[in-house]
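Below: one structure, written as structure tokens.
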Amino acid sequence: MEVDLNHLWLIVSACFVFFMQAGFVCYEVGFIQSKNVISVAIENILTFIITTLVFSFLGFALMFGPGPWGLFGGHYWLLNNLAQAHNSLGFVFVFFELMFAGTAVTIVSGSMSERTRLLPLLLAAVILAGFIYPLFGHWVWGDLFLNQPAWLKNLGFMDFAGATVVHATAGWVSLAGIIVVGPRKDKWDEEGKIKKLGRSNIPFAALGTFILWFSWFGFNGGSLLEFNDRIGLILLNTNFSAAAGVVGAILTTRFFIRDHSYMEAIFAGALGGLVAITASSNYLEPLAAVMVGFISGSVVVLAGLLLEKLGLDDAVGAVPIHGFGGAAGTILLAFFASPQFLGGQSRLLKFFVQLLGVTVNFVWSFGLGLLMFYLIKKRFGLRVTEEEEEKGLNIVEFGDIYSWQEYLKITHYENLT
Amino acid sequence: MEVDLNHLWLIVSACFVFFMQAGFVCYEVGFIQSKNVISVAIENILTFIITTLVFSFLGFALMFGPGPWGLFGGHYWLLNNLAQAHNSLGFVFVFFELMFAGTAVTIVSGSMSERTRLLPLLLAAVILAGFIYPLFGHWVWGDLFLNQPAWLKNLGFMDFAGATVVHATAGWVSLAGIIVVGPRKDKWDEEGKIKKLGRSNIPFAALGTFILWFSWFGFNGGSLLEFNDRIGLILLNTNFSAAAGVVGAILTTRFFIRDHSYMEAIFAGALGGLVAITASSNYLEPLAAVMVGFISGSVVVLAGLLLEKLGLDDAVGAVPIHGFGGAAGTILLAFFASPQFLGGQSRLLKFFVQLLGVTVNFVWSFGLGLLMFYLIKKRFGLRVTEEEEEKGLNIVEFGDIYSWQEYLKITHYENLT
Amino acid sequence: MEVDLNHLWLIVSACFVFFMQAGFVCYEVGFIQSKNVISVAIENILTFIITTLVFSFLGFALMFGPGPWGLFGGHYWLLNNLAQAHNSLGFVFVFFELMFAGTAVTIVSGSMSERTRLLPLLLAAVILAGFIYPLFGHWVWGDLFLNQPAWLKNLGFMDFAGATVVHATAGWVSLAGIIVVGPRKDKWDEEGKIKKLGRSNIPFAALGTFILWFSWFGFNGGSLLEFNDRIGLILLNTNFSAAAGVVGAILTTRFFIRDHSYMEAIFAGALGGLVAITASSNYLEPLAAVMVGFISGSVVVLAGLLLEKLGLDDAVGAVPIHGFGGAAGTILLAFFASPQFLGGQSRLLKFFVQLLGVTVNFVWSFGLGLLMFYLIKKRFGLRVTEEEEEKGLNIVEFGDIYSWQEYLKITHYENLT
């Protein structure tokens with residue numbers, strides 16, 4: 001195998017996408033309560049461990065192996081037979097795709113954090129990395145490794161870098177999760193008024209946001225699967241959408257939501273813009289990318305409001321950002337993509353095709369998510385006790401109180417003043 | 001357009017330079033008071049949002065578009081006409097330059113933090129990204145995209161990666177800003193003795209320093225605008241200067257400043273060395289890079305002392321590091337650059353040319369900075385009230401107290417002990 | 001010199017490896033007590049400063065210059081004569097190797113932190129970067145730059161990316177250091193029961209872990225010294241070993257150590273897996289990488305237990321992770337490497353050769369480490385006073401109390417509630 005610029009770009013991109021794990025740790029830790037930060041940080045390590053083993057040895061075959069009617073793959077179980085595969089990227093492609101799966105899986109645990117037990121979350125990660133994510137992925141991207149049909153792709157469904165395949169899948173599974181596990185006990189006070197919880201370390205979340213943004217250049221840029229002259233525009237579009245997402249989110253908050261904090265809107269807008277542009281960054285002119293970001297930033301803020309009205313509690317905003325942001329970006333593609341990328345379909349037809357793909361994705365991810373969390377809840381229990389939730393999962397899960405006391409950083413304060 | 005190694009290197013470098021945003025968040029948050037960290041973190045996100053939109057759609061044309069007499073560019077407004085530009089880098093170049101503009105803009109808000117209102121800072125970011133930075137940039141780098149004159153460059157002024165164009169510009173605008181907004185209320189006590197404020201999280205600042213250092217490899221390396229055999233030496237020189245900057249800063253502190261903390265010197269020396277070498281990393285032998293770093297590290301420490309004597313209050317040291325460090329590095333180039341890079345000018349002539357460029361940069365950036373902040377102050381007000389400053393901008397700007405309480409991490413402490 | 005894909009990959013890898021410095025700051029700060037975090041963070045900056053100057057100008061020549069019998073190099077002192085060297089990588093190679101030296105040096109100070117004085121640690125860094133590390137390195141990697149013998153390599157000793165050369169060297173010097181300096185005063189209580197100290201910020205350590213993991217892709221990938229079709233598998237193997245390391249560490253903790261915290265096992269397992277695979281990532285099939293990681297994860301946990309039984313106190317686990325993990329990985333190579341990489345030696349012979357290399361490395365690093373720290377202790381003193389240790393090195397070393405108070409983040413809390 002001759003390696004070239006394409007392999008190098010894919011490797012670098014994959015490393016950037018891996019780095020999303022660091023970004024999610026910072027972001028999630030920043031947005032939850034101090035008493036649960038150790039728990040969430042370690043959860044993020046464990047879910048990536050699981051994805052590494054489960055996706056590489058099972059999920060990859062299901063997603064990219066040869067299979068009938070574009071429904072599911074096989075053959076590459078345990079990465080066997082792979083070196084001989086008829087694809088010039090070989091293990092480089094596996095490495096790249098592993099990082100995408102890692103992103104999808106890590107999102108779910110964040111939204112359910114602060115009240116969900118560790119082991120059920122890890123079990124859900126196994127199912128997500130080994131079945132829910134790769135199977136849907138096969139329907140859209142099943143042709144990326146071998147030249148074979150992928151049924152949604154064949155209908156004309158377009159999702160460049162995974163706004164639907166990666167982000168919305170994770171978002172809808174999260175939605176199922178927060179429904180089944182229920183809201184955090186203090187989320188609404190006795191009079192039904194919503195309380196703001198968490199946000200233990202906003203500067204850490206800001207660091208996480210910039211790490212994620214950085215990683216997104218690999219996410220979108222690498223999805224070319226080669227290094228070509230589209231790259232500059234793709235990365236610029238990524239920035240435009242993030243920036244316009246913030247503007248859209250701030251204006252929506254300003255005009256529609258009186259007492260909301262702009263802080264949340266800024267973070268949600270940036271990430272929502274990044275998620276949305278993931279569907280179409282390769283198909284847009286700059287000003288179209290601004291529009292996609294702007295609208296998606298608004299959608300994310302309104303979706304957050306909707307969740308609250310429905311009494312749903314997403315600790316880190318994963319459902320609005322990844323679910324609604326991903327779906328919005330995928331559908332907006334039909335209206336904003338440059339004509340030459342529509343593959344001969346009219347905008348109206350493309351809209352319906354995109355809507356179909358988004359709907360199939362929702363039914364699959366949310367449906368299986370509900371079933372999965374319901375069965376886990378019934379069989380193993382999903383939620384910590386009320387006392388444990390009060391105490392915080394730092395202590396409950398990791399059985400020692402030292403780290404948490406240190407984290408409080410009070411030691412010796414009296415001696416100093 | 002055929003893409004090659006040069007495009008790939010520029011893209012990777014640009015991603016590294018983007019990551020400076022994360023570095024500045026950590027560094028600035030680490031060096032200010034806890035009560036303002038949320039405010040500063042979010043400010044950093046917002047200024048990059050602004051730079052993305054304003055520089056890409058306006059500033060880029062002004063800086064790199066075709067224009068008369070090397071004075072200002074045009075033509076590429078809203079990135080129109082760009083794909084047809086006679087430059088093989090196309091949008092890759094825009095993406096790269098956007099990240100440089102982002103660096104310049106983010107520096108200013110840090111130095112004025114802890115007492116400046118958010119909206120005036122954002123307005124200043126618009127003017128900096130859309131006018132002050134790109135116009136001066138045109139005078140030095142206006143020929144990088146199109147083959148056209150750039151008046152300072154044509155005189156022989158050399159600034160390889162932007163010690164003056166990026167860093168000193170930002171430093172002098174910062175200087176104007178801290179003069180107009182005035183020092184933080186607690187910076188000097190009743191007896192006129194200086195107080196050390198801030199430094200909420202030095203480990204976070206150390207992380208920020210390493211992130212910035214990492215990003216600098218893209219800053220200096222990418223500025224080749226191609227991938228060639230100078231790259232190894234450029235990146236080594238970057239390290240040498242940073243290391244020698246620390247040594248210079250420590251020794252200067254040791255011999256000139258009795259009661260100063262070495263801690264500040266270490267950070268300022270490393271960053272000062274990095275800023276200084278930005279001017280000349282491509283033109284030096286290793287030991288010359290050590291000298292440039294050593295001298296610049298001293299200059300930065302002495303400049304910090306000078307500011308304090310003048311009663312000026314720079315919350316994160318941006319003026320000494322980026323202003324004085326950038327100017328020092330630019331001028332030292334005349335003495336330390338290997339002869340073959342002097343373009344036929346004698347060292348003395350080169351010294352005067354460099355001095356001229358640095359002076360023009362100072363007059364332009366500091367002058368327009370003063371005017372800008374004066375007008376903003378007069379029209380909109382620039383500073384929070386004394387009460388608000390006392391309270392901290394975390395609460396004042398983002399209207400909710402929860403995050404800040406969580407950040408204090410006291411919750412439940414009593415229950416644990 | 002014509003640059004190509006190989007140079008670009010090496011530069012990018014080197015930048016990733018540099019980023020380990022950021023990872024170690026986060027990891028070490030996260031695992032120690034709050035009262036020492038500023039000290040440790042700044043120590044990390046200073047040791048890299050030292051490595052930059054000492055390794056580049058002295059160590060590199062010793063490690064890679066021409067020299068007799070594969071014992072030591074020379075000739076490139078102060079990087080002289082280097083441009084003319086008969087190696088197509090030139091300064092790119094120096095930059096890459098500097099980052100490896102930086103990794104080795106930074107590890108030592110972490111394990112001895114919280115009770116060791118700053119200046120002795122910096123002196124040790126000079127000796128490590130200028131002598132201990134590069135000389136052993138010459139014996140294994142002395143042929144990488146010039147085509148010349150390296151005595152251990154010539155015997156068939158294999159260490160792909162430095163599990164022994166970099167990590168075990170640092171681990172055994174650390175072991176010497178913690179023996180000579182002694183345990184932290186509070187590590188065992190009056191009844192001889194071990195106390196858990198530190199862990200000021202586990203989320204920060206989790207960020208550090210992901211940063212290190214990211215950097216490891218450059219560590220292992222770059223060690224090819226070219227960009228070829230092994231790259232995908234190498235990086236996958238890196239992941240497999242880290243993941244299996246966690247599984248091994250958790251199971252070992254579960255079955256062998258009743259009252260241990262899983263938290264420690266998770267971090268130690270991931271890093272131990274990464275260290276171990278460093279020896280052999282290029283020579284393994286995926287499932288073999290899983291085995292190497294799994295066994296090494298167990299070894300690291302058991303080694304940690306052993307240290308505690310011996311009364312040794314390693315503040316950040318450097319000895320189990322880098323020393324034992326590195327040795328384990330190097331030896332396991334003999335059993336798990338694919339046959340074609342064994343260079344014609346039988347597995348048994350390869351085992352003895354690997355054991356010999358590991359032993360030589362131990363004798364050299366631990367022996368010189370003991371001597372070095374013993375002499376430093378005798379001549380300059382190695383340890384802070386008991387009072388200073390109680391007070392914390394933040395205050396003791398950096399002479400001001402402000403930063404530390406701010407870090408405690410108590411300011412104004414009373415006004416808020």
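Labels used: A, B, ... for chains in the order of the structure tokens, numbers from 1 for residues in each chain, and numbers from 1 for ligands as shown.
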
What residues in chain A have any atom no more than 6 Å from chain B when counting only C-alpha atoms, and can you write them as a PyMOL selection string? chain A and resi 199-203+207+210+228-229+232-233+236+243+408

DSSP on the backbone: which residues in stretch 67-282 of chain C end up as alpha helix (DSSP H)? Give the answer as a PyMOL selection string. chain C and resi 91-111+118-127+133-141+151-155+169-181+202-222+231-256+262-277

What's around A:Tyr374 at 12 Å? Count only C-alpha atoms, leave out sequence neighbours fewer than 6 positions away in its own chain, and write the answer as a PyMOL selection string. chain A and resi 120+124+173+176-182+366-368+380-383

Long-range neighbours of C:Gly325 as a PDB file with all heavy atoms, in the first residue's frame, 8 Å cut-off, only C-alpha atoms, 3 positions minimum in chain:
```pdb
ATOM      1  N   ALA C 163       9.441   2.699  25.304  1.00  0.00           N
ATOM      2  CA  ALA C 163       8.897   2.231  26.579  1.00  0.00           C
ATOM      3  C   ALA C 163      10.017   2.113  27.595  1.00  0.00           C
ATOM      4  O   ALA C 163       9.858   2.449  28.771  1.00  0.00           O
ATOM      5  CB  ALA C 163       8.201   0.882  26.398  1.00  0.00           C
ATOM      6  N   ALA C 168      10.806   3.960  30.995  1.00  0.00           N
ATOM      7  CA  ALA C 168      11.410   3.245  32.121  1.00  0.00           C
ATOM      8  C   ALA C 168      12.600   4.010  32.679  1.00  0.00           C
ATOM      9  O   ALA C 168      12.800   4.050  33.903  1.00  0.00           O
ATOM     10  CB  ALA C 168      11.814   1.833  31.687  1.00  0.00           C
ATOM     11  N   GLY C 272      -0.660   3.131  31.897  1.00  0.00           N
ATOM     12  CA  GLY C 272       0.217   1.953  31.841  1.00  0.00           C
ATOM     13  C   GLY C 272       0.108   1.241  30.506  1.00  0.00           C
ATOM     14  O   GLY C 272       1.113   0.811  29.923  1.00  0.00           O
ATOM     15  N   GLY C 273      -1.110   1.120  29.994  1.00  0.00           N
ATOM     16  CA  GLY C 273      -1.297   0.513  28.682  1.00  0.00           C
ATOM     17  C   GLY C 273      -0.609   1.311  27.593  1.00  0.00           C
ATOM     18  O   GLY C 273      -0.004   0.747  26.669  1.00  0.00           O
ATOM     19  N   VAL C 275       2.015   3.341  27.996  1.00  0.00           N
ATOM     20  CA  VAL C 275       3.466   3.198  28.141  1.00  0.00           C
ATOM     21  C   VAL C 275       3.932   1.855  27.572  1.00  0.00           C
ATOM     22  O   VAL C 275       4.907   1.785  26.812  1.00  0.00           O
ATOM     23  CB  VAL C 275       3.874   3.319  29.627  1.00  0.00           C
ATOM     24  CG1 VAL C 275       5.315   2.876  29.821  1.00  0.00           C
ATOM     25  CG2 VAL C 275       3.695   4.746  30.124  1.00  0.00           C
ATOM     26  N   ALA C 276       3.218   0.796  27.928  1.00  0.00           N
ATOM     27  CA  ALA C 276       3.657  -0.541  27.539  1.00  0.00           C
ATOM     28  C   ALA C 276       3.673  -0.727  26.022  1.00  0.00           C
ATOM     29  O   ALA C 276       4.614  -1.279  25.451  1.00  0.00           O
ATOM     30  CB  ALA C 276       2.760  -1.585  28.190  1.00  0.00           C
ATOM     31  N   SER C 296      -0.163  -5.399  31.147  1.00  0.00           N
ATOM     32  CA  SER C 296       0.547  -4.238  31.691  1.00  0.00           C
ATOM     33  C   SER C 296      -0.318  -3.455  32.673  1.00  0.00           C
ATOM     34  O   SER C 296       0.185  -2.931  33.678  1.00  0.00           O
ATOM     35  CB  SER C 296       1.000  -3.324  30.558  1.00  0.00           C
ATOM     36  OG  SER C 296       1.792  -4.048  29.657  1.00  0.00           O
ATOM     37  N   GLY C 297      -1.607  -3.376  32.380  1.00  0.00           N
ATOM     38  CA  GLY C 297      -2.507  -2.712  33.320  1.00  0.00           C
ATOM     39  C   GLY C 297      -2.479  -3.399  34.678  1.00  0.00           C
ATOM     40  O   GLY C 297      -2.472  -2.750  35.729  1.00  0.00           O
ATOM     41  N   VAL C 299       0.041  -5.266  35.824  1.00  0.00           N
ATOM     42  CA  VAL C 299       1.377  -5.049  36.382  1.00  0.00           C
ATOM     43  C   VAL C 299       1.463  -3.695  37.086  1.00  0.00           C
ATOM     44  O   VAL C 299       1.996  -3.585  38.195  1.00  0.00           O
ATOM     45  CB  VAL C 299       2.443  -5.142  35.264  1.00  0.00           C
ATOM     46  CG1 VAL C 299       3.782  -4.600  35.753  1.00  0.00           C
ATOM     47  CG2 VAL C 299       2.577  -6.571  34.778  1.00  0.00           C
ATOM     48  N   VAL C 300       0.903  -2.684  36.445  1.00  0.00           N
ATOM     49  CA  VAL C 300       0.985  -1.337  37.013  1.00  0.00           C
ATOM     50  C   VAL C 300       0.269  -1.275  38.366  1.00  0.00           C
ATOM     51  O   VAL C 300       0.776  -0.714  39.339  1.00  0.00           O
ATOM     52  CB  VAL C 300       0.409  -0.306  36.022  1.00  0.00           C
ATOM     53  CG1 VAL C 300       0.177   1.038  36.698  1.00  0.00           C
ATOM     54  CG2 VAL C 300       1.357  -0.143  34.841  1.00  0.00           C
ATOM     55  N   PRO C 320       5.242   3.070  39.067  1.00  0.00           N
ATOM     56  CA  PRO C 320       4.469   1.947  38.511  1.00  0.00           C
ATOM     57  C   PRO C 320       4.157   2.120  37.026  1.00  0.00           C
ATOM     58  O   PRO C 320       4.330   1.186  36.240  1.00  0.00           O
ATOM     59  CB  PRO C 320       3.174   1.971  39.333  1.00  0.00           C
ATOM     60  CG  PRO C 320       3.503   2.705  40.578  1.00  0.00           C
ATOM     61  CD  PRO C 320       4.603   3.665  40.247  1.00  0.00           C
ATOM     62  N   ILE C 321       3.724   3.312  36.653  1.00  0.00           N
ATOM     63  CA  ILE C 321       3.261   3.510  35.277  1.00  0.00           C
ATOM     64  C   ILE C 321       4.435   3.497  34.295  1.00  0.00           C
ATOM     65  O   ILE C 321       4.451   2.720  33.336  1.00  0.00           O
ATOM     66  CB  ILE C 321       2.471   4.837  35.155  1.00  0.00           C
ATOM     67  CG1 ILE C 321       1.157   4.730  35.920  1.00  0.00           C
ATOM     68  CG2 ILE C 321       2.228   5.205  33.701  1.00  0.00           C
ATOM     69  CD1 ILE C 321       0.405   6.036  36.077  1.00  0.00           C
ATOM     70  N   HIS C 322       5.419   4.367  34.532  1.00  0.00           N
ATOM     71  CA  HIS C 322       6.486   4.507  33.537  1.00  0.00           C
ATOM     72  C   HIS C 322       7.593   3.472  33.724  1.00  0.00           C
ATOM     73  O   HIS C 322       8.129   2.962  32.749  1.00  0.00           O
ATOM     74  CB  HIS C 322       7.034   5.930  33.568  1.00  0.00           C
ATOM     75  CG  HIS C 322       6.008   6.964  33.272  1.00  0.00           C
ATOM     76  ND1 HIS C 322       5.616   7.277  31.993  1.00  0.00           N
ATOM     77  CD2 HIS C 322       5.251   7.732  34.083  1.00  0.00           C
ATOM     78  CE1 HIS C 322       4.672   8.204  32.028  1.00  0.00           C
ATOM     79  NE2 HIS C 322       4.422   8.509  33.289  1.00  0.00           N
ATOM     80  N   ALA C 328       7.488  -3.823  31.511  1.00  0.00           N
ATOM     81  CA  ALA C 328       6.551  -4.887  31.132  1.00  0.00           C
ATOM     82  C   ALA C 328       6.318  -4.896  29.628  1.00  0.00           C
ATOM     83  O   ALA C 328       6.396  -5.936  28.966  1.00  0.00           O
ATOM     84  CB  ALA C 328       5.230  -4.710  31.871  1.00  0.00           C
ATOM     85  N   GLY C 329       6.044  -3.732  29.091  1.00  0.00           N
ATOM     86  CA  GLY C 329       5.787  -3.658  27.658  1.00  0.00           C
ATOM     87  C   GLY C 329       6.979  -4.110  26.828  1.00  0.00           C
ATOM     88  O   GLY C 329       6.825  -4.781  25.802  1.00  0.00           O
TER      89      GLY C 329
END
```

Closest-contact table, stretch 177-260 of chain A side, partner stretch 306-316 of chain A, 9 Å, counting only C-alpha atoms, as JSON lines:
```
{"residue": "A:Ile178", "atom": "CA", "partner": "A:Asp313", "partner_atom": "CA", "distance": 6.4}
{"residue": "A:Ile179", "atom": "CA", "partner": "A:Leu312", "partner_atom": "CA", "distance": 6.6}
{"residue": "A:Gly182", "atom": "CA", "partner": "A:Asp313", "partner_atom": "CA", "distance": 7.2}
{"residue": "A:Pro183", "atom": "CA", "partner": "A:Asp313", "partner_atom": "CA", "distance": 4.8}
{"residue": "A:Arg184", "atom": "CA", "partner": "A:Asp313", "partner_atom": "CA", "distance": 6.9}
{"residue": "A:Lys187", "atom": "CA", "partner": "A:Asp313", "partner_atom": "CA", "distance": 7.3}
{"residue": "A:Trp188", "atom": "CA", "partner": "A:Gly311", "partner_atom": "CA", "distance": 8.6}
{"residue": "A:Ile194", "atom": "CA", "partner": "A:Glu308", "partner_atom": "CA", "distance": 8.0}
{"residue": "A:Leu197", "atom": "CA", "partner": "A:Ala315", "partner_atom": "CA", "distance": 8.2}
{"residue": "A:Gly198", "atom": "CA", "partner": "A:Ala315", "partner_atom": "CA", "distance": 8.1}
```

Can you list, as number ranges by chain, every protein, DNA or RNA residue that comes within 6 Å of stretch 148-162 of chain B when you count only C-alpha atoms, leaving out same-chain residues fewer than 4 positions away? B: 70, 139-140, 142-143, 166, 220, 223, 278-280, 353-354

Taking 6 positions as the minimum chain separation for residues in the same chain, which residues sit within 10 Å of C:Glu264 when counting only C-alpha atoms? Answer as an NGL selection string. (:A and (398)) or (:C and (31 or 199 or 249-250 or 253 or 301 or 304 or 317))

Residues as selected, C-alpha atoms, written as a compact mmCIF listing (two decimals), in the first residue's frame, can you do that?
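part-v7.txt written:
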```
# COMPACT_ATOMS: atom_id res chain seq x y z
CA PHE A 398 -15.53 6.22 43.99
CA PHE C 31 -3.28 14.05 41.59
CA ARG C 199 -6.02 14.38 44.12
CA ALA C 249 -6.21 -2.65 36.07
CA ILE C 250 -9.86 -2.78 37.15
CA THR C 253 -8.00 -4.23 41.67
CA VAL C 301 -1.65 -1.88 39.70
CA GLY C 304 1.70 0.37 42.90
CA GLY C 317 2.36 6.98 40.24
```

What is the distance between atom CA of C:Glu285 and atom CA of C:Thr238, in Å to one decimal? 11.2 Å

With a distance cut-off of 10 Å and only C-alpha atoms, select the neighbouring residues of C:Ala85, excluding the residue or stretch itself and same-chain residues fewer than 6 positions from it, and output the selection as a PyMOL selection string. chain C and resi 65+76+91+145-146

Please dump the current selection as an mmCIF file, in the first residue's frame; keep N, CA and C atoms.
```
data_model
loop_
_atom_site.group_PDB
_atom_site.id
_atom_site.type_symbol
_atom_site.label_atom_id
_atom_site.label_comp_id
_atom_site.auth_asym_id
_atom_site.auth_seq_id
_atom_site.Cartn_x
_atom_site.Cartn_y
_atom_site.Cartn_z
ATOM 1 N N GLY C 65 25.089 11.649 17.907
ATOM 2 C CA GLY C 65 26.293 11.972 17.160
ATOM 3 C C GLY C 65 27.111 10.720 16.892
ATOM 4 N N TYR C 76 28.152 16.836 17.445
ATOM 5 C CA TYR C 76 27.120 17.834 17.147
ATOM 6 C C TYR C 76 26.910 18.807 18.301
ATOM 7 N N PHE C 91 17.293 19.083 11.040
ATOM 8 C CA PHE C 91 16.772 19.703 12.252
ATOM 9 C C PHE C 91 15.399 19.155 12.646
ATOM 10 N N PHE C 145 20.035 8.370 13.554
ATOM 11 C CA PHE C 145 20.364 9.568 12.780
ATOM 12 C C PHE C 145 21.499 9.274 11.812
ATOM 13 N N LEU C 146 22.536 8.646 12.334
ATOM 14 C CA LEU C 146 23.642 8.218 11.479
ATOM 15 C C LEU C 146 23.633 6.700 11.435
#
```

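One distance worth recording is that between atom CA of C:Lys35 and atom CA of B:Ala206, which is 15.9 Å.
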